[in-house]
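What follows is a short report on a single structure.
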Amino acid sequence: MAEHADVIVIGMGPGGESAAARLAQAGLSVVGIEKNLVGGECPYYGCIPSKMMIRAADSLAEAHRVPELAGTVQVAPDFAPVARRIRDEATDDWDDTVAVERFEKAGGRFVRGTARITGPRTVRVDGRDFHASRAILLNTGTDPAVPPIPGLAGTPYWTNREAIAATEAPESLIVLGGGPIGLELAQAFARFGTRVEVIEALDRLLPAEEPEASGLIEDVLTGEGIGVHTGTKAERIDHNGTAFTVEAGGRAYTAQRLLVATGRRTDLDALGLASLGLDTGARTVPTDEHLRIAEGVYAIGDITGHGAFTHMSMYQARIAADHILGEQSAAEYHAVPRVTFTDPEVGAVGLTERQAREKGLPVATAIAQVPSSARGWIHKAGNQGLIKLVADTGRGILVGATSAGPTGGEVLSMLTLAVHERTPIQRLREMIYAYPTFHRAVEDALGQLP
């Protein structure tokens with residue numbers, strides 16, 4: 001006999017956990033199902049522990065800037081406090097007991113296992129059947145994607161999960177992939193003394209971002225001694241028991257560790273979406289504005305294709321929960337923010353210049369260099385950065401922006417608001433920008449737009 005609930009939540013990442021708890025607190029009977037750790041990738045392998053590592057690495061870099069600014073200093077990197085903090089403060093040594101108890105205290109029922117949808121509002125979890133009278137909510141996230149490179153399978157390569165769980169910085173590291181995860185970890189380990197090579201098959205780093213941001217980050221990383229090899233495809237990988245060798249672009253790269261950071265994947269077929277008539281060969285699932293993928297079935301987070309970000313999952317969780325509770329709200333995606341937490345940080349929102357032109361918009365762009373701003377000049381060491389604005393001249397609004405530099409992710413907040421609210425460019429020019437702040441570079445860029 002099937003067990004009954006009002007709502008079944010499959011995948012208890014940040015968004016799933018948030019929606020499940022809210023629905024339970026609203027008086028619905030909720031079953032939350034998770035095969036891994038409640039809380040998802042973010043608190044155990046992603047956002048939180050990686051930023052702890054980055055924070056520590058950035059403190060080392062800042063110490064090295066003292067001679068240019070304030071005297072002399074001796075710096076001796078030690079990875080042990082980082083590893084200890086990740087275990088003790090971020091992950092509870094990868095134990096989700098606290099998270100499970102938090103959900104149960106909210107009134108939910110937790111089930112550990114692998115879920116598969118077997119029909120309309122029906123789910124099977126390792127032999128147990130459940131029926132949802134009201135809704136099924138999917139928040140299954142993604143896993144690291146491992147490319148079929150000859151020789152890779154069976155070797156002790158790292159994904160972000162093994163890298164985050166490391167207890168010491170390796171002597172040397174090859175990173176496959178020049179996206180946000182690969183670059184954040186590459187720079188962090190390099191600042192702890194690891195010799196790092198980054199291999200990216202596409203022609204530039206951070207290929208989803210503006211080319212100016214890509215060039216900026218490449219200059220910074222190479223300036224810190226990191227080898228950057230773009231337009232270079234890994235062709236074969238070998239491991240001799242102590243070291244990896246990667247053959248790529250006619251060269252052989254050797255290192256103690258190999259980090260595979262080549263994207264994320266999800267298995268829609270294993271989730272049973274074919275039973276709902278959906279294409280399980282697709283990379284993502286289409287939703288309506290209320291996050292429905294079928295009658296009584298909702299999806300949020302990575303599998304919807306609107307950005308593999310915790311903030312996206314949480315945003316969509318609120319909208320899906322609203323609809324399940326009979327409230328009306330709709331998702332908007334014209335001002336989705338994202339930040340790569342390298343140093344300098346690269347924040348972006350909305351459309352890139354290329355995306356805006358592909359949409360046929362009348363486009364104007366402007367770029368201001370952070371080092372040329374008053375605050376950038378004052379900051380001096382470590383002041384690399386830029387502001388790029390993408391304007392729709394027909395409507396007189398910003399449709400995209402990039403904020404790269406010290407605290408680039410924080411400067412992004414005002415640009416996100418401007419894009420989200422479609423604030424007229426003229427109105428943005430009329431604002432008062434505090435002096436001397438990094439935000440003043442936004443004003444400089446606005447002055448260049450027609």
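We label chains A, B, ... in the order they appear in the structure tokens, count residues from 1 in each chain, and number ligands from 1 in the order shown.
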
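Proximity to Ile136 of chain A at 6 Å, evaluated using only C-alpha atoms and with sequence-adjacent residues fewer than 3 positions away removed, yields A:Val7, A:Ile8, A:Val9, A:Val297.
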
### Query
Do you know which residues are at most 6 Å from Asn139 of chain A counting only C-alpha atoms, after dropping those on the same chain fewer than 6 positions away, and could you put them as a list in words?
Ile10, Gly11, Gly16, Ile300 and Gly301 of chain A

### Spatial neighbours of Val346 of chain A, 8 Å, only C-alpha atoms, chain gap at least 5 places, as a list in words
Ala213, Val339, Thr340, Phe341, Thr402, Ser403, Ala404, Gly405, Gly408 and Gly409 of chain A

### Task
Fewer than 3 positions away in the same chain doesn't count, so skip those; otherwise give me all residues within 8 Å of segment 371-378 of chain A, counting only C-alpha atoms, as a ChimeraX atom specification.
/A:368,383-385,436-438,440-441

### Task
From the DSSP assignment of the backbone, select every residue of segment 43-268 of chain A that is strand (DSSP E or B), and format the answer as a ChimeraX atom specification.
/A:109-112,115-119,122-125,128-138,143-144,158,172-176,195-199,227-229,234-239,244-248,251-255,257-260,264-265

Do you have, as a tab-separated table, the list of residues of segment 24-130 of chain A lying at most 12 Å from segment 266-269 of chain A, each with its nearest atom pair and that distance in Å to one decimal, counting only C-alpha atoms and ordered by chain then number?
residue	atom	partner	partner_atom	distance
A:Ala115	CA	A:Leu268	CA	11.7
A:Arg116	CA	A:Asp269	CA	9.2
A:Ile117	CA	A:Asp269	CA	10.0
A:Thr118	CA	A:Asp269	CA	11.5

### Task
Go through A:Gln187, A:Pro211, A:Asn36, A:Ala145 one by one, measure the shortest atom-to-atom distance of each to Lys51 of chain A using only C-alpha atoms, and give the residue with the smallest value.
A:Gln187
